[in-house]
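*Asks:* Provided below: final32.tsv, containing TSV, C-alpha atoms.
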chain	number	residue	atom	x	y	z
T	59	MET	CA	-4.92	3.97	-21.48
T	60	SER	CA	-4.37	6.49	-18.69
T	61	GLU	CA	-1.48	6.22	-16.27
T	62	VAL	CA	-1.99	5.07	-12.71
T	63	GLY	CA	-0.64	7.02	-9.76
T	64	VAL	CA	0.88	10.47	-9.69
T	65	GLY	CA	3.78	12.24	-11.36
T	66	PRO	CA	6.81	13.86	-9.75
T	67	HIS	CA	6.20	15.71	-6.49
T	68	PRO	CA	6.49	19.50	-6.79
T	69	GLU	CA	9.45	21.07	-5.05
T	70	PRO	CA	10.28	21.77	-2.32
T	71	TRP	CA	10.11	18.11	-1.34
T	72	PRO	CA	8.97	17.02	2.12
T	73	ASP	CA	11.79	16.76	4.65
T	74	ASP	CA	10.75	13.41	6.09
T	75	PRO	CA	12.72	10.14	6.06
T	76	ARG	CA	9.58	8.18	5.10
T	77	TYR	CA	9.69	9.63	1.59
T	78	ASP	CA	11.61	7.99	-1.27
T	79	ALA	CA	13.72	10.49	-3.25
T	80	ASP	CA	13.36	8.45	-6.47
T	81	LEU	CA	9.56	8.41	-6.19
T	82	LEU	CA	9.51	12.12	-5.42
T	83	ALA	CA	11.61	12.82	-8.52
T	84	HIS	CA	9.94	10.45	-10.98
T	85	GLY	CA	6.42	9.91	-9.65
T	86	ASP	CA	4.67	7.14	-7.75
T	87	ARG	CA	2.79	4.67	-9.96
T	88	ARG	CA	2.13	2.09	-7.23
T	89	ASN	CA	-1.31	0.99	-6.11
T	90	VAL	CA	-1.18	2.52	-2.63
T	91	LEU	CA	-3.47	4.71	-0.56
T	92	ASP	CA	-2.94	8.41	-1.19
T	93	GLU	CA	-1.62	8.86	2.35
T	94	TYR	CA	1.30	6.57	1.40
T	95	ARG	CA	2.19	8.27	-1.90
T	96	TYR	CA	5.95	8.68	-2.30
T	97	TRP	CA	6.67	6.71	0.90
T	98	THR	CA	9.22	3.90	0.95
T	99	VAL	CA	7.89	0.36	1.29
T	100	GLU	CA	9.63	0.10	4.66
T	101	ALA	CA	7.88	3.24	5.92
T	102	ILE	CA	4.49	1.95	4.76
T	103	VAL	CA	5.01	-1.41	6.50
T	104	ALA	CA	6.19	0.32	9.69
T	105	ASP	CA	3.05	2.50	9.71
T	106	LEU	CA	0.78	-0.49	9.09
T	107	ASP	CA	2.52	-2.37	11.91
T	108	THR	CA	1.22	0.26	14.36
T	109	ARG	CA	-2.39	-0.59	13.38
T	110	ARG	CA	-2.39	-4.37	13.07
T	111	HIS	CA	-4.92	-6.43	14.98
T	112	PRO	CA	-3.85	-9.57	16.91
T	113	PHE	CA	-5.70	-12.05	14.68
T	114	ALA	CA	-4.91	-13.94	11.51
T	115	ILE	CA	-7.05	-14.64	8.47
T	116	ALA	CA	-6.65	-17.70	6.27
T	117	ILE	CA	-7.93	-17.78	2.69
T	118	GLU	CA	-8.34	-20.92	0.64
T	119	ASN	CA	-9.30	-20.59	-3.00
T	120	TRP	CA	-10.49	-24.18	-3.48
T	121	ARG	CA	-12.92	-23.31	-6.28
T	122	HIS	CA	-10.35	-21.21	-8.17
T	123	ASP	CA	-12.59	-18.15	-8.00
T	124	LEU	CA	-11.21	-15.38	-10.17
T	125	ASN	CA	-12.35	-12.80	-7.61
T	126	ILE	CA	-9.87	-13.95	-4.95
T	127	GLY	CA	-8.19	-10.53	-5.26
T	128	THR	CA	-11.31	-8.95	-3.77
T	129	VAL	CA	-11.08	-11.25	-0.76
T	130	VAL	CA	-7.40	-10.47	-0.27
T	131	ARG	CA	-7.94	-6.70	-0.52
T	132	THR	CA	-10.83	-6.88	1.94
T	133	ARG	CA	-8.72	-8.96	4.31
T	134	MET	CA	-5.86	-6.48	4.20
T	135	ARG	CA	-8.19	-3.57	5.02
T	136	SER	CA	-8.88	-5.21	8.39
T	137	SER	CA	-5.11	-5.06	9.22
T	138	PRO	CA	-4.62	-8.51	10.72
T	139	ALA	CA	-1.26	-9.49	12.20
T	140	ARG	CA	-0.98	-12.30	9.61
As structure tokens, how would this structure be written, given the file I've shared?
*Replies:*
Amino acid sequence: MSEVGVGPHPEPWPDDPRYDADLLAHGDRRNVLDEYRYWTVEAIVADLDTRRHPFAIAIENWRHDLNIGTVVRTRMRSSPAR
């Protein structure tokens, strides 16, 4: 099976506080958009907070559909406040 994500970042590393030194050194295997590679979780959340819309989306999986992950991913792409 192939690895997910990217390996260590080539040096010189970016001089930006959004980047995580451990991820830069060892690689970023998280399921994140490429624009967020090597960023800290806090930096990603802060960036997403600048784009959130003022509405909320509720999801109820009352039929126990195994594709609920698709619904959640689609919901998150719309950047709701909650």
*Asks:* Pick out the residues sitting within 9 Å of Arg88 (chain T), and hand them over as a list in words; count only C-alpha atoms, and ignore anything fewer than 6 positions along from it in its own chain.
*Replies:* Val62, Gly63, Val64 and Arg95 of chain T
*Asks:* Return the single residue from T:Ser60, T:Asp78, T:Phe113, T:Trp120 that is closest to Tyr96 (chain T), with distances computed using all atoms listed in the file.
*Replies:* T:Asp78
*Asks:* Would you compute the distance between CA of Gly85 (chain T) and CA of Arg110 (chain T)? Give it in Å to one decimal.
*Replies:*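 That distance, rounded to one decimal, is 28.2 Å.
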*Asks:* Just the residues within 9 Å of Leu81 (chain T), please, counting all atoms listed in the file, with nothing from its chain fewer than 6 positions along; format it as a list in words.
*Replies:*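 Residues near the query, excluding close chain neighbours: Gly65, Pro66, His67, Arg87, Arg95, Tyr96, Trp97 and Thr98 of chain T.
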*Asks:* What's the separation between CA of Ala101 (chain T) and CA of Glu118 (chain T), in Å to one decimal place?
*Replies:* 29.6 Å
*Asks:* When you count all atoms listed in the file, which of these residues is closest to Ala83 (chain T): T:Ala114, T:Leu106, T:Arg121, T:Glu69?
*Replies:* T:Glu69
*Asks:* Got a minute to add N, CA and C atoms to region 93-110 of chain T and dump it as a short mmCIF file (atom, residue, chain, number, x, y, z; two decimals), in the frame of the given file?
*Replies:*
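Output (rebuild-v9.cif):
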data_model
loop_
_atom_site.label_atom_id
_atom_site.label_comp_id
_atom_site.auth_asym_id
_atom_site.auth_seq_id
_atom_site.Cartn_x
_atom_site.Cartn_y
_atom_site.Cartn_z
N GLU T 93 -2.42 8.45 1.19
CA GLU T 93 -1.62 8.86 2.35
C GLU T 93 -0.22 8.26 2.32
N TYR T 94 -0.01 7.22 1.52
CA TYR T 94 1.30 6.57 1.40
C TYR T 94 2.04 6.93 0.11
N ARG T 95 1.52 7.85 -0.67
CA ARG T 95 2.19 8.27 -1.90
C ARG T 95 3.60 8.76 -1.59
N TYR T 96 4.54 8.30 -2.37
CA TYR T 96 5.95 8.68 -2.30
C TYR T 96 6.68 8.10 -1.09
N TRP T 97 6.00 7.32 -0.24
CA TRP T 97 6.67 6.71 0.90
C TRP T 97 7.46 5.48 0.46
N THR T 98 8.50 5.15 1.19
CA THR T 98 9.22 3.90 0.95
C THR T 98 8.35 2.73 1.41
N VAL T 99 8.63 1.56 0.87
CA VAL T 99 7.89 0.36 1.29
C VAL T 99 8.10 0.13 2.79
N GLU T 100 9.32 0.31 3.25
CA GLU T 100 9.63 0.10 4.66
C GLU T 100 8.82 1.03 5.55
N ALA T 101 8.65 2.28 5.13
CA ALA T 101 7.88 3.24 5.92
C ALA T 101 6.40 2.86 5.94
N ILE T 102 5.89 2.37 4.82
CA ILE T 102 4.49 1.95 4.76
C ILE T 102 4.26 0.77 5.70
N VAL T 103 5.14 -0.23 5.64
CA VAL T 103 5.01 -1.41 6.50
C VAL T 103 5.11 -1.00 7.97
N ALA T 104 6.04 -0.12 8.30
CA ALA T 104 6.19 0.32 9.69
C ALA T 104 4.91 1.02 10.17
N ASP T 105 4.29 1.83 9.32
CA ASP T 105 3.05 2.50 9.71
C ASP T 105 1.92 1.49 9.88
N LEU T 106 1.82 0.53 8.97
CA LEU T 106 0.78 -0.49 9.09
C LEU T 106 0.98 -1.34 10.34
N ASP T 107 2.23 -1.58 10.71
CA ASP T 107 2.52 -2.37 11.91
C ASP T 107 1.95 -1.73 13.17
N THR T 108 1.78 -0.41 13.18
CA THR T 108 1.22 0.26 14.36
C THR T 108 -0.28 0.07 14.47
N ARG T 109 -0.92 -0.45 13.40
CA ARG T 109 -2.39 -0.59 13.38
C ARG T 109 -2.87 -2.03 13.31
N ARG T 110 -1.98 -2.99 13.27
CA ARG T 110 -2.39 -4.37 13.07
C ARG T 110 -3.18 -4.90 14.25
#
